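Data block below; observations after.
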Amino acid sequence: MIETPPALAATAGGSLLVLAILAPVAGILLSFALGGRFAERVALGLTPIGLAIAFAIAALVWRSGAPLVYNVAGLPPPLGIALRADGISCVMLAAAALVIAAAAFYARANFATPKGVMEARAPLAFWILVQAVWAALTILFVGGDLFNLYVALELLTFAAVPLVCLSGKPETLVAALRYLMFALFGSVFYLLGAALLYGAYGTLDIVLLAERMRALPAVWLAAGLMTAGLLAKTALFPLHLWLPPAHANAPAAASAVLSGLVVKGSFFLTVRLWFYVLPALPGGAAEAVLGTLGSAAVLFGSVLALRQERLKLLIAYSTLAQIGYLFLIFPLASGAHPWVADGWSGGIMQTLSHAFAKAAMFMSAGLLAESLGHDRIAEFAGAGRAMPATFFALGLGGLSLMGLPPSGGFAAKWLLLRASVAAGQWSWAIVMLAGGLLAAGYVYRILAPALSAGAIVLEAPPQRSREAIALALAIVAAALGFAPQSFFDFLEVGRAAATALR
Amino acid sequence: MTGAATALGSWLLAATLAVPLLFLAACLSARLRSTALALQWLAPVPALAAAILAMGGGPLALDWPALRMSLKLDLPGALILAAASLLWIVVGAATFSGEARKPNERFAVSWLLTMTGNLGVFVAADLLTFYLVYALVSIPAYELIVRDGSPSSRRAGGVYMAFTILGGALLLMAFALLAAGEPRGSLRIDDVMAALPGSPWSDAALALVIAGFGMKMALAPLNGWMPPTYAAAPIPAAAVLSGAAVKAGAIGLIRFLPFGAPLQGWGEALAIIGFVSAFYGVAIGVTQQNPKTVLAYSSISQMGVVAAVIGMALASGDASAPSKVAFYAANHVLAKGALFLAVGVAAATDRHRDRWPLILAAVLALSLAGLPLTGGALAKFALKAPLGYGLAASLANASAAGTALLMLHFVTRLAGTSSGGEETEGPAAIVRFWPAIAIGAIFIPWLLYPAIGNPLNTATVPTVWDGLWPIAIGAALALALRRWGASLPRIAEGDTIVAVETAFNSGFALGGLLERLDARLRQWPAASLSLLTIALLLAAMAAYGG
Amino acid sequence: MSASTLAGLVGAALVGLGLYGFIVSPQPLRKILAFNLIGNGAFLVFGIVARKGAAAGFPFDPVPQAMVITGIVVAFAASALAAALILRLQEETGNVLLDSDAPAKPPGDEAGAS
């Protein structure tokens, strides 16, 4: 028996990672088995357990300052499959647990099984799919093997697509089909790339690959194919054909999960690929391409968001723009430069704050649409007085999107700006500032009519508890602006090992 | 300072921000909200106390490394803070307490937010805290402006927001550059300013600082937002915005420009911008009919003087200038705030029975032009040293004459104000206490002046003469304006803003173009080809390296 | 021509055909077929890889085979889901083209409220 190298050895507490995956999977099976109205109870009951597991993992990693590792069946890579949780895995796990818990409790009003019925299709599907999204995201965040991650990515798509068309209306079906088709297109690209990588190195384990990585033609092609596939699933401009209709037509709770978390799944994998697998490639140009696409997304998405008449479409186009910011992490955090810590912290902070802010905004938009019977922005006059808490959540989320303090969005923008100044890469700074101005424009377009005087008749006042959920998420997004330095140090856990290889 | 005084100073400094924040926190509770909002005029009291302490006994400072936050109150900050907190207390008490018609809660909360930010800008000592409070003094003010929701106020609010957000973006970039120039990563304003001369980005940072804060101070040609905004805002809001909130720009220039070593180029440039604004404000102001608009143009002119003096001090490396400019600004806080209240007073009183309110307003107005023995005379005297005796001093005297002209024009318009309209409706308490407020605004600067010099020096015969002749010239010009003013061109309120709005709207055509492009890109074949292209491009770039 | 080369060429041809179909064909059903073609091309590449492992001295490399089997299951599930969606859409509208009937702004005001 060969001694396992330390980077591959399992750590104490690693079994928590298995538990994190098993919990939602068990929830899905239980929901199927019990069926009917029990699916809702199972899913809701699962949220505190999942939250506790996510925070326990984060606490362990925080205390030890090193990633948590588990080798499935005790077999280390290359034969076995490893699960690893480093700093960014932990924060993403926690964010996913929080947003999904919020979405689940928010969705109770929409997806309760009607009284007197044993089982209704849309509620059952919703509760199972939400748990499936959670399971897939968990695997994505802790997976240590690129093929394993491919399967998780597919699971995520399969769970996310039906969420779009729960209502069964034709336009939602078209949106779902476009989403699925384009996501599948992305998947095969990723799969082809993975095959090439395996052919070159005989393993798909992230740590082993990073150690063995050399610049070979197969690797170049694999990097291009896998990244493009992931971009298709992240809906980075100009691959966004599916996103606006899908996110705007899904039920509000589903939109919150799709916009806040699901697109971050494939983005997270892109980050894994470029910062943990490929850092040994002589870099710069490809990262600049990713940054350029991101910049185009920021400008393009923001301008289009400015021109939307309907609130949910506006928020969906804003997602397109905010995804663009995420990709500035590639030019600003790669390489061994003094500014990469700022770039890295800023990029991850943007991922987190957008997850919370956007989920809060979609939930508020859902409440608005239910109370007003429409979501046409031009007819919001007076709504701010009728539903102050809902608009407060919208505004607080908008604050983060604009990058104004105090908010996570501001912290992210500040860090990314500092990195781009220090790197002398001015174009990103200009894009960020312009994007902030445009975001202010579209947030203003939502809030200004709502704050003005006008008589408005609510079909039904929003439920206080649901307003509170949206508001709580928006407050989390704002509170991220006060993250201390130790939080940013935590984001570096597990990254040092990857960057030391270069 | 003794140990006890230092401790007291730290407490007051912390309370300057903490007390308004406590009031804000109290608003979260439905039970406490109405009480907190009615008593919010008390929230600036610690700020006033801190300012008085700092004027008497040297700067106060406080650091919270855990929060990465530091506060500091030096003499320039203390001078403006004293005047600003006084204004917030007086106008707030008149607006929110007593039997006056209660403004709605959203207005009151926005008031509290703006006030918190306004008090904060004078004590913030690190970049991020400054940016936070600066955003706070700027953004919630939207609600103060559009309170009545009329189309004209919504337009004004939109213009205000556009300028505010753009200015905020410029400042964010400036702060990022300043932070990048500090090698140890400190964000304290003192540290980044000390490191600025050696920074490779110092020119860009200075340009952005001047542009960003210049927008807040409405320096020409970035002045278009101010007249429609003040014309649309209710009287109390216009008083605190024009008096106190605008000084966030002045303190910004004082904090973020490097005084002490001569800085050629930028100093002269700022001085030119300032003097241009000073005369431009007068020139456009005399064509205006609405007294609130006239006051707004006077603010543009006065902030121009502030900027010009800062520019001169920057060029000559005069490290003592900030306190003197701050005194000038503090006088403007009180005078301009009270003058906006005068508009409400004039609308509410019967001029034929009671001429005193108008006479007081006229004295107050001429105080801005440096009428001897008023606070304005002290303010003008304070600028003597930084301006020197050359061209700049002559320009300053000419601008005082211009101010006298503009202020007499204002008094004429005030006398012609008819009551009515929400824009000219002030709180009843203002009318009752108007004599006290006006006299306070005229003479309180005498209490502040000892912090920067001996006030008795200002009462000499040559000084009085210096104060009188620009006013005489201004009065002669005002007579001419009365005689021939009708033939002046009518200029739209906010002059350049109309052109800016037109350009802004034509920008929407670009949006249509992008919308069509979006429809194209979201066609299936286009999107799939994009995917293929991106895959190949990334592969090529990975091969090419960097 | 060795078996590996042949398999590689066939794989490349499958991927190329699939790509063409995926980009050009407006019908979702054909797109599903195209997706499967590309997928099978990828599986062939995995097959060659497994054989290469054998050529390097190992008797065989089992990992790619496990991957291919997993991949086939995933592709099957994807195809099934897509087919179900298409059927549902056919029931609702009688029209299953992806581009022509996918407006940016869906008709009806209640769409956002669902």
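So you can find residues: chains in the structure tokens are A, B, ... in the order shown, residues in each start at 1, and ligands are numbered from 1 in order.
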* List the neighbours of Ser79 of chain C out to 9 Å using only C-alpha atoms; skip same-chain residues closer than 2 positions along the sequence, and give me the result as a count of residues only. => 12
List the spatial neighbours of segment 199-207 of chain A as a short mmCIF file (atom, residue, chain, number, x, y, z; two decimals) with N, CA and C atoms, in the first residue's frame - criterion: any atom at most 7 Å away, only C-alpha atoms, same-chain residues fewer than 5 positions off excluded.
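This is the output file selection-v4.cif:
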```cif
data_model
loop_
_atom_site.label_atom_id
_atom_site.label_comp_id
_atom_site.auth_asym_id
_atom_site.auth_seq_id
_atom_site.Cartn_x
_atom_site.Cartn_y
_atom_site.Cartn_z
N PRO A 77 -7.87 9.47 -4.27
CA PRO A 77 -7.71 9.61 -5.71
C PRO A 77 -6.34 9.08 -6.11
N PRO A 78 -6.09 8.64 -7.32
CA PRO A 78 -6.95 8.78 -8.50
C PRO A 78 -8.08 7.76 -8.60
N GLY A 144 -14.60 17.07 -5.54
CA GLY A 144 -13.17 17.24 -5.80
C GLY A 144 -12.74 16.59 -7.09
N ASP A 145 -13.70 16.13 -7.87
CA ASP A 145 -13.37 15.36 -9.06
C ASP A 145 -14.18 15.92 -10.22
N LEU A 146 -13.52 16.24 -11.34
CA LEU A 146 -14.21 16.97 -12.41
C LEU A 146 -15.35 16.17 -13.04
N PHE A 147 -15.24 14.83 -13.04
CA PHE A 147 -16.36 14.07 -13.61
C PHE A 147 -17.53 14.04 -12.64
N ALA A 218 -3.84 19.37 -25.79
CA ALA A 218 -5.10 18.79 -25.29
C ALA A 218 -5.66 19.63 -24.14
N TYR A 276 -7.94 26.41 -9.57
CA TYR A 276 -7.47 25.23 -8.85
C TYR A 276 -6.91 24.15 -9.77
N VAL A 277 -7.35 24.13 -11.05
CA VAL A 277 -6.87 23.09 -11.95
C VAL A 277 -5.84 23.66 -12.91
N VAL C 49 -9.26 6.70 -24.54
CA VAL C 49 -8.45 7.01 -23.37
C VAL C 49 -8.23 5.75 -22.55
#
```
* chain B contacts on chain A, only C-alpha atoms, 7 Å, as a PyMOL selection string -> chain A and resi 220-221+223-225+228+238-241+282-286+303-304+405-406+417-418+421-422+433+437+452-453
* To do: May I have the residues of chain A within 7 Å of chain C, counting only C-alpha atoms, written as a VMD selection string?
  => chain A and resid 167 170 to 171 173 to 174 177 to 178 185 188 191 to 192 195 199 245 248 to 249 251 312 366 369 to 370 373 to 375
Output the selection as a PDB file, in the first residue's frame - N, CA and C atoms for each residue.
```pdb
ATOM      1  N   SER A 167     -45.775  26.145 -13.592  1.00  0.00           N
ATOM      2  CA  SER A 167     -47.147  26.560 -13.832  1.00  0.00           C
ATOM      3  C   SER A 167     -47.730  25.872 -15.062  1.00  0.00           C
ATOM      4  N   PRO A 170     -47.718  27.800 -21.562  1.00  0.00           N
ATOM      5  CA  PRO A 170     -46.878  27.575 -22.753  1.00  0.00           C
ATOM      6  C   PRO A 170     -45.596  28.390 -22.730  1.00  0.00           C
ATOM      7  N   GLU A 171     -45.674  29.681 -22.345  1.00  0.00           N
ATOM      8  CA  GLU A 171     -44.450  30.477 -22.419  1.00  0.00           C
ATOM      9  C   GLU A 171     -43.399  29.973 -21.431  1.00  0.00           C
ATOM     10  N   LEU A 173     -43.091  26.826 -20.660  1.00  0.00           N
ATOM     11  CA  LEU A 173     -42.562  25.592 -21.249  1.00  0.00           C
ATOM     12  C   LEU A 173     -41.490  25.915 -22.281  1.00  0.00           C
ATOM     13  N   VAL A 174     -41.752  26.934 -23.103  1.00  0.00           N
ATOM     14  CA  VAL A 174     -40.758  27.323 -24.106  1.00  0.00           C
ATOM     15  C   VAL A 174     -39.478  27.778 -23.413  1.00  0.00           C
ATOM     16  N   LEU A 177     -37.651  24.815 -22.088  1.00  0.00           N
ATOM     17  CA  LEU A 177     -37.037  24.001 -23.140  1.00  0.00           C
ATOM     18  C   LEU A 177     -35.773  24.661 -23.678  1.00  0.00           C
ATOM     19  N   ARG A 178     -35.848  25.972 -23.892  1.00  0.00           N
ATOM     20  CA  ARG A 178     -34.648  26.677 -24.348  1.00  0.00           C
ATOM     21  C   ARG A 178     -33.531  26.549 -23.323  1.00  0.00           C
ATOM     22  N   PHE A 185     -26.260  21.614 -24.391  1.00  0.00           N
ATOM     23  CA  PHE A 185     -25.195  21.985 -25.313  1.00  0.00           C
ATOM     24  C   PHE A 185     -23.924  22.295 -24.513  1.00  0.00           C
ATOM     25  N   VAL A 188     -22.281  18.977 -23.015  1.00  0.00           N
ATOM     26  CA  VAL A 188     -21.448  18.104 -23.852  1.00  0.00           C
ATOM     27  C   VAL A 188     -20.087  18.748 -24.090  1.00  0.00           C
ATOM     28  N   LEU A 191     -18.169  17.864 -21.109  1.00  0.00           N
ATOM     29  CA  LEU A 191     -17.833  16.433 -21.107  1.00  0.00           C
ATOM     30  C   LEU A 191     -16.664  16.151 -22.053  1.00  0.00           C
ATOM     31  N   LEU A 192     -16.718  16.753 -23.235  1.00  0.00           N
ATOM     32  CA  LEU A 192     -15.619  16.574 -24.197  1.00  0.00           C
ATOM     33  C   LEU A 192     -14.300  17.042 -23.587  1.00  0.00           C
ATOM     34  N   ALA A 195     -13.041  14.596 -21.068  1.00  0.00           N
ATOM     35  CA  ALA A 195     -12.448  13.415 -21.700  1.00  0.00           C
ATOM     36  C   ALA A 195     -11.017  13.718 -22.137  1.00  0.00           C
ATOM     37  N   GLY A 199      -7.632  11.987 -20.795  1.00  0.00           N
ATOM     38  CA  GLY A 199      -6.691  11.379 -21.736  1.00  0.00           C
ATOM     39  C   GLY A 199      -5.272  11.865 -21.502  1.00  0.00           C
ATOM     40  N   PRO A 245     -36.094  34.924 -20.207  1.00  0.00           N
ATOM     41  CA  PRO A 245     -37.437  34.340 -20.110  1.00  0.00           C
ATOM     42  C   PRO A 245     -37.558  33.316 -18.982  1.00  0.00           C
ATOM     43  N   ALA A 248     -37.602  35.172 -15.562  1.00  0.00           N
ATOM     44  CA  ALA A 248     -38.734  36.083 -15.394  1.00  0.00           C
ATOM     45  C   ALA A 248     -40.056  35.326 -15.309  1.00  0.00           C
ATOM     46  N   ASN A 249     -40.112  34.110 -15.866  1.00  0.00           N
ATOM     47  CA  ASN A 249     -41.385  33.396 -15.891  1.00  0.00           C
ATOM     48  C   ASN A 249     -41.546  32.387 -14.779  1.00  0.00           C
ATOM     49  N   PRO A 251     -41.933  30.816 -11.019  1.00  0.00           N
ATOM     50  CA  PRO A 251     -42.546  31.356  -9.803  1.00  0.00           C
ATOM     51  C   PRO A 251     -41.490  32.078  -8.970  1.00  0.00           C
ATOM     52  N   LYS A 312     -40.092  41.773 -13.235  1.00  0.00           N
ATOM     53  CA  LYS A 312     -39.330  40.521 -13.173  1.00  0.00           C
ATOM     54  C   LYS A 312     -38.335  40.416 -14.312  1.00  0.00           C
ATOM     55  N   GLY A 366     -42.205  39.050  -6.451  1.00  0.00           N
ATOM     56  CA  GLY A 366     -43.306  38.103  -6.408  1.00  0.00           C
ATOM     57  C   GLY A 366     -44.442  38.618  -5.530  1.00  0.00           C
ATOM     58  N   ALA A 369     -46.245  41.362  -7.383  1.00  0.00           N
ATOM     59  CA  ALA A 369     -47.094  40.874  -8.463  1.00  0.00           C
ATOM     60  C   ALA A 369     -48.360  40.245  -7.892  1.00  0.00           C
ATOM     61  N   GLU A 370     -48.238  39.551  -6.767  1.00  0.00           N
ATOM     62  CA  GLU A 370     -49.426  38.938  -6.179  1.00  0.00           C
ATOM     63  C   GLU A 370     -50.376  39.997  -5.632  1.00  0.00           C
ATOM     64  N   GLY A 373     -51.460  42.302  -8.825  1.00  0.00           N
ATOM     65  CA  GLY A 373     -52.039  41.602  -9.961  1.00  0.00           C
ATOM     66  C   GLY A 373     -51.266  41.827 -11.238  1.00  0.00           C
ATOM     67  N   HIS A 374     -50.157  42.564 -11.185  1.00  0.00           N
ATOM     68  CA  HIS A 374     -49.320  42.780 -12.363  1.00  0.00           C
ATOM     69  C   HIS A 374     -47.939  43.188 -11.876  1.00  0.00           C
ATOM     70  N   ASP A 375     -46.969  43.243 -12.784  1.00  0.00           N
ATOM     71  CA  ASP A 375     -45.674  43.791 -12.359  1.00  0.00           C
ATOM     72  C   ASP A 375     -45.170  44.812 -13.370  1.00  0.00           C
TER      73      ASP A 375
END
```
* **Selection near Ala14 of chain B, 12 Å with only C-alpha atoms, sequence-local residues under 5 positions removed, as an NGL selection string** => :B and (7-9 or 19-22 or 46-47 or 49-50 or 60-64 or 69-73 or 119-120 or 123-124)
* To do: Mind listing the alpha helix (DSSP H) residues of segment 31-95 of chain A, per DSSP on the backbone, as an NGL selection string?
  => :A and (31-34 or 38-64 or 87-95)
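Separating atom CA of Ser85 of chain B from atom CA of Ile52 of chain B is a distance of 10.9 Å.
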* Residues near segment 468-480 of chain A, cut-off 7 Å, only C-alpha atoms, skip fewer than 2 positions along chain, as a PyMOL selection string -> chain A and resi 102+106+353+356-357+360+363-364+393+396-397+400+406-408+464-466+482-483
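Going from atom CA of Val69 of chain A to atom CA of Ala333 of chain A covers 24.6 Å.
Distance-wise, atom CA of Leu339 of chain B and atom CA of Ala296 of chain B end up 10.7 Å apart.
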